[in-house]
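Peer 1: I have a structure I would like to understand better, so I am pasting it below and will then ask my questions one at a time.
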Amino acid sequence: MQMKLENLNEKQLEAVKTTEGPVLILAGAGSGKTRVITQRIAYLISRGVPAYNILAITFTNKAAGEMRERVYKLLGQEPPKRVKYFSRSAPNMGTFHSICAQILRKESKKLGYKTNFTIYDESDQKAAVKKAMENLELDTEQFLPKNIVYAISSAKSELMSPEDYSRYASSFFQEIVEKVYSEYERILFDQGAMDFDDLITKTLLLFKKSPETLQSYQSYFKYILVDEYQDTNKAQYELIKMLAQVHKNICAVGDNDQSIYGWRGADFRNLMKFESDFPKTKVIMLEENYRSTQNILEAANKVIRNNSLRKDKNLWTKGEKGDKLIYFQARDEKDEAEFVVRKIRELEKLNDDFSNFVILYRTNAQSRSLEETFLKYDLPYKIIGGVRFYERAEIKDIVAYLRTIYNPMDLVALERIINMPARGITEKTWRQIVPLWQEYLNDKNHLKKNIDRLKTISDKAKKSLARFIDLLALFQKSVEDQKLGELIDFVAKGSGYKDFLLSPKNEDKKLENEARWENIQELKSVAEEFHGMPTQDALAAFLEEVSLISDIDQYDNGTKAISLMTAHSAKGLEFKNVFIVGLEENLFPHSRSLLEPTEMEEERRLFYVAMTRAKKRLFLSSTKQRMYFGSTQRNLTSRFISEIPENLLDKEVAGALARLKQKTSGSGLNSKILQNQKSAIIDLCPGDQVIHKTFGEGVVIKMEGSVAEIAFSQFGIKKIAVDLAPIKKK
DNA sequence: GCGCTTTGATTTTTT
DNA sequence: ATCAAAGCGC
């Protein structure tokens with residue numbers, strides 16, 4: 001097989017060609033990392049390594065898909081179609097979770113799982129935790145299931161079993177977690193379910209329990225590559241160490257400045273530890289940046305240098321200096337959105353079509369004002385993330401039906417659908433049949449008889465239950481002779497869900513329900529992509545994809561629209577023009593990070609990631625006040641702005657002049673134009689930072705006529721007559 | 001027992 | 001401001 005190694009600098013070429021032994025590639029932002037990884041894989045194949053001996057782990061499924069396409073393009077071949085499990089013809093590419101799910105799909109019997117296991121997402125986990133707490137008679141109000149889910153997940157990613165946890169637990173809350181954790185584990189096992197963390201930890205457990213299994217995968221995955229290594233957690237790290245132990249052909253690629261998933265257990269020190277874990281590691285630094293202009297790069301370098309927990313490196317580019325970064329301070333989030341629109345229109349007129357723009361924000365909630373403004377000016381946009389498709393109630397309902405068909409022990413799914421649409425099975429009834437449900441696997445008729453004998457259930461409910469059991473059996477039977485898409489139709493109709501949505505009794509909800517039905521059709525069309533395999537396999541693969549997919553995976557850069565997404569979602573992407581909005585203290589950096597230096601550094605890395613997405617132009621903005629939770633919040637400008645050298649930044653302050661005109665023409669309510677001693681015009685708004693001769697620094701909270709309420713850092717809140725007081729704007 | 005209204009929480013980021 | 005879970009009347 002032939003391939004050409006194209007456009008590689010010396011370091012990159014070395015990274016591609018060093019195929020044997022441990023390699024650590026420290027790849028700065030925009031250093032051509034993807035090019036290196038794909039060429040490396042293609043190079044291996046071209047040198048005769050069978051594709052299936054290669055395991056490449058990426059951060060998203062989307063990245064894996066793209067990688068696959070690029071590798072085959074380099075090899076001059078068509079990428080293989082959707083492949084079932086580990087195929088002989090293609091390199092294995094996927095996220096940790098999807099790779100592990102595939103291993104477990106084949107091997108879970110060795111761990112004692114009775115049935116096809118189901119993957120629990122966060123809301124399923126919450127339901128299971130709630131159930132565990134009820135079993136233990138713990139108050140779900142005092143200890144929120146959400147927090148316990150988080151604690152359990154952290155424990156799992158640190159490879160702490162319930163027993164380990166009991167040794168570690170010291171606080172009252174942790175003692176509660178300890179109890180819930182073991183009960184939760186029992187519930188999940190009984191229900192044939194695994195949560196996200198289990199996918200990794202159970203694979204590890206499998207390898208520990210069964211050395212032959214480990215051995216077979218070790219010899220299968222002869223060449224291992226892990227992208228975004230700085231975002232691996234302890235469990236993932238152990239897994240990799242185990243798999244690579246024999247051949248030691250392990251290539252880790254990462255950048256500790258881009259570690260932004262510490263909150264979910266990622267530990268960028270794994271990157272630093274690599275060299276000691278794998279002796280004789282070849283370290284290759286990629287520091288030449290091919291993405292951004294000098295100005296953008298320099299600004300980003302200066303910002304990230306404020307972090308103490310890092311290994312210094314020097315990203316550089318041969319590229320042009322480029323425009324200065326632009327910073328705009330807006331009045332509020334509407335004004336901020338208008339600024340974004342204004343800039344996009346200017347640039348769009350020149351040459352850049354809409355796909356060259358991305359707006360990055362810290363929290364999904366910030367997308368709303370942007371969305372409204374884009375609608376107002378009729379600009380095409382797409383929001384990545386936010387309310388996810390697979391989290392919509394109707395989708396979860398239909399998926400819950402499929403899950404129950406696939407694994408009838410999945411009680412979280414069963415509970416969701418047993419009375420949806422309403423069929424007269426109440427909470428009380430449900431509680432009583434749960435202990436009997438196990439019999440479903442052995443003998444459905446026995447289950448029915450036992451239910452029939454229960455005295456505490458009404459005849460109506462009994463009949464309803466019997467009908468439901470028959471319905472489920474009918475669905476299961478149809479897996480044998482229907483395609484997955486047809487099955488979804490059959491389920492929607494047979495369960496009464498379709499009628500429930502489309503029956504005309506809900507006249508005012510008609511449109512909403514029709515949209516829901518459309519979503520189900522959309523789900524069906526996704527399912528149809530799996531028609532190449534037997535329905536039982538298709539069902540498994542489909543459910544797996546549904547539970548592991550993220551929204552960025554669906555991001556399609558083909559359509560010409562402005563992208564809106566969180567800074568987290570933007571990792572790995574690049575755009576000609578990048579806007580980072582909401583650069584305010586409490587928002588970006590987020591309020592929850594203010595007290596913890598390590599978290600503050602993670603915020604800074606996140607900002608660094610956001611900045612380095614930009615190829616040509618970078619726009620930064622903040623607001624003086626914004627609506628948050630229905631009330632007005634006033635924040636200081638983000639510290640990150642002040643970390644950018646002045647000479648790289650063009651400041652566009654929200655037109656004091658424009659406001660001056662507005663306010664003097666009679667409409668000024670919250671603002672006062674005045675003259676201070678130096679007879680400079682100051683225009684004070686809530687959010688402005690001021691300096692008072694006596695009280696020092698402060699922030700304007702409220703304006704009433706010429707009286708300002710100012711919060712001083714040293715002296716608390718004072719009311720000040722602004723036209724008399726010795727005060728000036730900072 | 002069902003479906004609607006009210007309440008209460010909720011928002012950092014996601015596999 | 002918005003959305004999901006709990007309460008209340010039919």
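How things are named: the first chain in the structure tokens is A, the next is B, and so on; residues count from 1 in each chain; ligands count from 1 in the order shown.
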Listing only residues of chain A within 12 Å of chain C, what is the closest atom pair and its distance in Å (to one decimal) for each, using only C-alpha atoms (C1' of nucleotides), sorted by chain and residue number ascending, as JSON lines?

Peer 2:
```
{"residue": "A:Ser123", "atom": "CA", "partner": "C:DA4", "partner_atom": "C1'", "distance": 12.0}
{"residue": "A:Ala365", "atom": "CA", "partner": "C:DA1", "partner_atom": "C1'", "distance": 10.1}
{"residue": "A:Arg368", "atom": "CA", "partner": "C:DA1", "partner_atom": "C1'", "distance": 10.6}
{"residue": "A:Ser369", "atom": "CA", "partner": "C:DA1", "partner_atom": "C1'", "distance": 11.9}
{"residue": "A:Val387", "atom": "CA", "partner": "C:DC3", "partner_atom": "C1'", "distance": 11.2}
{"residue": "A:Arg392", "atom": "CA", "partner": "C:DC3", "partner_atom": "C1'", "distance": 11.9}
{"residue": "A:Ala393", "atom": "CA", "partner": "C:DA4", "partner_atom": "C1'", "distance": 10.8}
{"residue": "A:Met627", "atom": "CA", "partner": "C:DA1", "partner_atom": "C1'", "distance": 9.1}
{"residue": "A:Tyr628", "atom": "CA", "partner": "C:DA1", "partner_atom": "C1'", "distance": 8.3}
{"residue": "A:Phe629", "atom": "CA", "partner": "C:DA1", "partner_atom": "C1'", "distance": 6.1}
{"residue": "A:Gly630", "atom": "CA", "partner": "C:DA1", "partner_atom": "C1'", "distance": 5.2}
{"residue": "A:Ser631", "atom": "CA", "partner": "C:DA1", "partner_atom": "C1'", "distance": 9.0}
{"residue": "A:Thr632", "atom": "CA", "partner": "C:DA1", "partner_atom": "C1'", "distance": 11.7}
```

Peer 1: Would you save the residues of that selection, restricted to N, CA, C and O atoms, as a short mmCIF file (atom, residue, chain, number, x, y, z; two decimals), in the first residue's frame?

Peer 2:
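Just written: selection36.cif:
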```cif
data_model
loop_
_atom_site.label_atom_id
_atom_site.label_comp_id
_atom_site.auth_asym_id
_atom_site.auth_seq_id
_atom_site.Cartn_x
_atom_site.Cartn_y
_atom_site.Cartn_z
N SER A 123 -29.78 10.89 33.91
CA SER A 123 -31.11 10.91 34.52
C SER A 123 -31.51 9.50 34.96
O SER A 123 -32.22 9.34 35.96
N ALA A 365 -27.05 28.70 28.90
CA ALA A 365 -28.14 29.66 29.08
C ALA A 365 -27.89 30.95 28.30
O ALA A 365 -28.83 31.66 27.94
N ARG A 368 -29.53 32.19 24.54
CA ARG A 368 -30.87 32.71 24.25
C ARG A 368 -30.87 34.10 23.64
O ARG A 368 -31.48 34.34 22.60
N SER A 369 -30.15 35.05 24.30
CA SER A 369 -30.18 36.42 23.80
C SER A 369 -29.56 36.50 22.41
O SER A 369 -30.00 37.28 21.56
N VAL A 387 -30.47 22.14 24.82
CA VAL A 387 -31.43 21.06 25.01
C VAL A 387 -31.16 19.99 23.97
O VAL A 387 -31.33 20.21 22.78
N ARG A 392 -35.12 14.93 24.93
CA ARG A 392 -36.52 15.32 24.85
C ARG A 392 -37.39 14.17 25.35
O ARG A 392 -37.11 13.00 25.11
N ALA A 393 -38.48 14.56 26.02
CA ALA A 393 -39.33 13.56 26.68
C ALA A 393 -39.81 12.49 25.70
O ALA A 393 -39.74 11.30 26.00
N MET A 627 -29.33 39.91 32.44
CA MET A 627 -30.41 39.18 33.08
C MET A 627 -29.91 37.77 33.34
O MET A 627 -29.43 37.09 32.43
N TYR A 628 -30.04 37.36 34.59
CA TYR A 628 -29.60 36.02 34.92
C TYR A 628 -30.57 35.49 35.96
O TYR A 628 -30.78 36.13 36.98
N PHE A 629 -31.20 34.38 35.69
CA PHE A 629 -32.22 33.85 36.60
C PHE A 629 -33.34 34.83 36.81
O PHE A 629 -33.86 34.95 37.90
N GLY A 630 -33.65 35.57 35.79
CA GLY A 630 -34.77 36.48 35.92
C GLY A 630 -34.47 37.76 36.66
O GLY A 630 -35.32 38.62 36.77
N SER A 631 -33.26 37.90 37.18
CA SER A 631 -32.95 39.18 37.82
C SER A 631 -31.67 39.76 37.22
O SER A 631 -30.89 39.05 36.60
N THR A 632 -31.49 41.05 37.42
CA THR A 632 -30.34 41.71 36.82
C THR A 632 -29.09 41.52 37.66
O THR A 632 -29.10 41.76 38.85
#
```

Peer 1: Give me the residues of chain B that have any atom at most 10 Å from an atom of chain A; for each, the nearest atom pair and the distance in Å, rounded to one decimal. Use only C-alpha atoms (C1' of nucleotides), sort by chain and number, and format it as a tab-separated table.

Peer 2:
```
residue	atom	partner	partner_atom	distance
B:DG1	C1'	A:Gly424	CA	6.5
B:DC2	C1'	A:Ala422	CA	7.8
B:DT10	C1'	A:Phe629	CA	8.8
B:DT11	C1'	A:Ala365	CA	7.2
B:DT12	C1'	A:Thr363	CA	6.1
B:DT13	C1'	A:His568	CA	6.3
B:DT14	C1'	A:Ser550	CA	7.8
B:DT15	C1'	A:His97	CA	6.7
```

Peer 1: Within region 239-461 of chain A, find each residue whose DSSP state, derived from the backbone, is helix (DSSP H, G or I), and express the selection as an MDAnalysis selection string.

Peer 2: chainID A and resid 239:244 256:258 262:264 269:277 294:304 333:350 354:356 364:376 389:391 393:406 411:417 427:437 439:442 444:453 459:461

Peer 1: If I take CA of Thr373 (chain A) and CA of Val341 (chain A), how far is one from the other in Å, to one decimal?

Peer 2: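 Between CA of Thr373 (chain A) and CA of Val341 (chain A) the gap works out to 7.8 Å.
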
Peer 1: Rounded to one decimal place, report the CA of Arg105 (chain A)-CA of Pro408 (chain A) distance in Å.

Peer 2: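 Computed distance, CA of Arg105 (chain A) to CA of Pro408 (chain A), equals 16.7 Å.
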
Peer 1: Using DSSP assignments from the backbone, pull out every residue in region 343-446 of chain A that falls under strand (DSSP E or B) and give it to me as a PyMOL selection string.

Peer 2: chain A and resi 357-361+381-383

Peer 1: Ranking A:Asp198, A:Glu212, A:Glu574, A:Glu122 by minimum distance to Val609 (chain A) and counting only C-alpha atoms, which one comes first?

Peer 2: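 When distances to Val609 (chain A) are compared using only C-alpha atoms, the smallest one comes from A:Glu574.
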
Peer 1: Env of Gln294 (chain A): 10 Å cut, atoms = only C-alpha atoms (C1' of nucleotides), seq-sep filter 4 positions within chain, self excluded. Answer as a PyMOL selection string.

Peer 2: chain A and resi 289+298-300+315-324+615-616+648

Peer 1: Once you have the residues from the selection above, write them out as an mmCIF file, in the first residue's frame, restricted to C-alpha atoms.

Peer 2:
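File written: result.cif
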```
data_model
loop_
_atom_site.group_PDB
_atom_site.id
_atom_site.type_symbol
_atom_site.label_atom_id
_atom_site.label_comp_id
_atom_site.auth_asym_id
_atom_site.auth_seq_id
_atom_site.Cartn_x
_atom_site.Cartn_y
_atom_site.Cartn_z
ATOM 1 C CA ASN A 289 1.118 26.838 15.214
ATOM 2 C CA GLU A 298 0.643 36.017 21.641
ATOM 3 C CA ALA A 299 -2.462 37.059 23.537
ATOM 4 C CA ALA A 300 -3.292 33.435 24.310
ATOM 5 C CA LEU A 315 3.783 28.372 20.619
ATOM 6 C CA TRP A 316 4.909 30.340 17.628
ATOM 7 C CA THR A 317 3.878 30.931 14.056
ATOM 8 C CA LYS A 318 5.436 32.029 10.814
ATOM 9 C CA GLY A 319 2.093 33.549 9.955
ATOM 10 C CA GLU A 320 1.135 37.200 9.725
ATOM 11 C CA LYS A 321 0.671 39.482 12.669
ATOM 12 C CA GLY A 322 -2.974 39.940 11.827
ATOM 13 C CA ASP A 323 -5.584 42.242 13.289
ATOM 14 C CA LYS A 324 -5.652 43.233 16.895
ATOM 15 C CA LYS A 615 -7.680 31.666 12.909
ATOM 16 C CA LYS A 616 -7.955 35.305 11.861
ATOM 17 C CA LEU A 648 -2.857 43.561 21.295
#
```
